[in-house]
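The next block is work-v3.pdb, given as PDB, C-alpha atoms, pLDDT in the B column.
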```pdb
ATOM      1  CA  MET F 782     125.847  85.395  57.317  1.00 75.00           C
ATOM      2  CA  ALA F 783     122.328  86.405  58.306  1.00 86.00           C
ATOM      3  CA  THR F 784     121.446  90.054  58.781  1.00 83.00           C
ATOM      4  CA  VAL F 785     120.605  91.005  62.342  1.00 86.00           C
ATOM      5  CA  TRP F 786     117.706  93.466  62.373  1.00 84.00           C
ATOM      6  CA  HIS F 787     117.153  95.811  65.267  1.00 89.00           C
ATOM      7  CA  PRO F 788     113.626  96.985  66.162  1.00 90.00           C
ATOM      8  CA  GLY F 789     114.280 100.553  65.020  1.00 90.00           C
ATOM      9  CA  GLU F 790     115.515  99.384  61.626  1.00 88.00           C
ATOM     10  CA  LEU F 791     112.467  97.161  61.145  1.00 86.00           C
ATOM     11  CA  LEU F 792     110.105  99.972  62.068  1.00 88.00           C
ATOM     12  CA  SER F 793     111.859 102.370  59.708  1.00 86.00           C
ATOM     13  CA  CYS F 794     111.715  99.878  56.858  1.00 85.00           C
ATOM     14  CA  SER F 795     108.034  99.076  57.322  1.00 83.00           C
ATOM     15  CA  SER F 796     106.997 102.698  57.789  1.00 88.00           C
ATOM     16  CA  ALA F 797     108.772 103.637  54.542  1.00 89.00           C
ATOM     17  CA  TYR F 798     106.406 101.281  52.725  1.00 89.00           C
ATOM     18  CA  TRP F 799     103.319 102.893  54.254  1.00 90.00           C
ATOM     19  CA  ARG F 800     104.593 106.419  53.536  1.00 93.00           C
ATOM     20  CA  GLY F 801     105.008 105.410  49.907  1.00 94.00           C
ATOM     21  CA  CYS F 802     101.483 103.988  49.813  1.00 95.00           C
ATOM     22  CA  ALA F 803     100.036 107.213  51.200  1.00 96.00           C
ATOM     23  CA  LEU F 804     101.948 109.304  48.670  1.00 97.00           C
ATOM     24  CA  GLN F 805     100.887 107.094  45.776  1.00 98.00           C
ATOM     25  CA  SER F 806      97.247 107.216  46.908  1.00 97.00           C
ATOM     26  CA  ALA F 807      97.342 111.001  47.052  1.00 98.00           C
ATOM     27  CA  VAL F 808      98.796 111.188  43.542  1.00 98.00           C
ATOM     28  CA  ARG F 809      96.212 108.771  42.125  1.00 98.00           C
ATOM     29  CA  LEU F 810      93.347 110.632  43.780  1.00 98.00           C
ATOM     30  CA  GLY F 811      94.558 113.990  42.460  1.00 98.00           C
ATOM     31  CA  VAL F 812      95.081 115.485  45.912  1.00 98.00           C
ATOM     32  CA  PHE F 813      98.045 117.629  44.904  1.00 97.00           C
ATOM     33  CA  THR F 814      96.327 118.894  41.767  1.00 97.00           C
ATOM     34  CA  GLU F 815      93.358 120.051  43.828  1.00 97.00           C
ATOM     35  CA  LEU F 816      95.538 121.629  46.516  1.00 97.00           C
ATOM     36  CA  ALA F 817      97.548 123.502  43.883  1.00 97.00           C
ATOM     37  CA  ALA F 818      94.384 125.482  43.156  1.00 95.00           C
ATOM     38  CA  GLY F 819      94.219 126.642  46.775  1.00 96.00           C
ATOM     39  CA  SER F 820      93.833 125.420  50.315  1.00 94.00           C
ATOM     40  CA  CYS F 821      90.637 123.759  51.506  1.00 96.00           C
ATOM     41  CA  SER F 822      89.343 121.630  54.349  1.00 96.00           C
ATOM     42  CA  ALA F 823      89.498 117.843  54.297  1.00 97.00           C
ATOM     43  CA  ALA F 824      85.737 117.733  53.695  1.00 98.00           C
ATOM     44  CA  GLU F 825      86.015 120.120  50.746  1.00 98.00           C
ATOM     45  CA  LEU F 826      88.937 118.166  49.321  1.00 98.00           C
ATOM     46  CA  ALA F 827      87.052 114.889  49.754  1.00 98.00           C
ATOM     47  CA  GLU F 828      84.157 116.262  47.744  1.00 98.00           C
ATOM     48  CA  LYS F 829      86.509 117.390  44.961  1.00 97.00           C
ATOM     49  CA  ILE F 830      88.273 114.021  44.677  1.00 97.00           C
ATOM     50  CA  GLY F 831      85.225 111.833  45.297  1.00 97.00           C
ATOM     51  CA  SER F 832      86.372 110.513  48.642  1.00 97.00           C
ATOM     52  CA  GLU F 833      85.010 110.332  52.199  1.00 98.00           C
ATOM     53  CA  ALA F 834      85.830 113.278  54.471  1.00 98.00           C
ATOM     54  CA  ARG F 835      87.189 111.270  57.411  1.00 98.00           C
ATOM     55  CA  ALA F 836      89.412 109.103  55.211  1.00 98.00           C
ATOM     56  CA  THR F 837      90.688 112.170  53.383  1.00 98.00           C
ATOM     57  CA  GLY F 838      91.514 113.826  56.692  1.00 98.00           C
ATOM     58  CA  LEU F 839      93.438 110.760  57.812  1.00 97.00           C
ATOM     59  CA  LEU F 840      95.344 110.667  54.526  1.00 97.00           C
ATOM     60  CA  MET F 841      96.220 114.356  54.835  1.00 97.00           C
ATOM     61  CA  ASP F 842      97.381 113.845  58.427  1.00 96.00           C
ATOM     62  CA  GLY F 843      99.582 110.978  57.292  1.00 93.00           C
ATOM     63  CA  LEU F 844     101.068 112.982  54.446  1.00 94.00           C
ATOM     64  CA  SER F 845     101.893 115.904  56.708  1.00 93.00           C
ATOM     65  CA  ALA F 846     103.445 113.809  59.489  1.00 83.00           C
TER      66      ALA F 846
END
```
Here is the file; what I need is its structure written in the form of structure tokens.
Amino acid sequence: MATVWHPGELLSCSSAYWRGCALQSAVRLGVFTELAAGSCSAAELAEKIGSEARATGLLMDGLSA
């Protein structure tokens, strides 16, 4: 028998994938290592990890949501 998916279940499933991608990106970029040394702005963090400030800010927003 086929599984019947409801919109909320589909959204939850797909958003779990994107949350995992954001977490993996942060780990690969060394975000948590840099933040362990102390808090900083997204622009400061971007400079430390070799990223762009706006993209880093968006990543941080996604991780904290």
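If you measure from each of F:Met841, F:Gly789, F:Ala836, F:Arg800 to Val812 in chain F using only C-alpha atoms, the closest one turns out to be F:Met841.
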Item to complete: For the structure shown, which residues end up in the PyMOL selection byres ((chain F and resi 822) around 12)? Put them as a PyMOL selection string, please?
Response: chain F and resi 812+815-816+819-821+823-829+834-835+837-838+841-842
Discussion item. Between CA of Ser806 in chain F and CA of Ala846 in chain F, what distance in Å does the model show, to one decimal?
Written reply: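 Here the two named atoms are 15.5 Å from each other.
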Worksheet entry | Best match for closeness to Ser832 in chain F among F:Cys794, F:Ala807, F:Ala817, F:Val785, counting only C-alpha atoms |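 Of F:Cys794, F:Ala807, F:Ala817, F:Val785, the one nearest Ser832 in chain F is F:Ala807, counting only C-alpha atoms.
The spacing separating CA of Trp799 in chain F from CA of Thr784 in chain F amounts to 22.7 Å.
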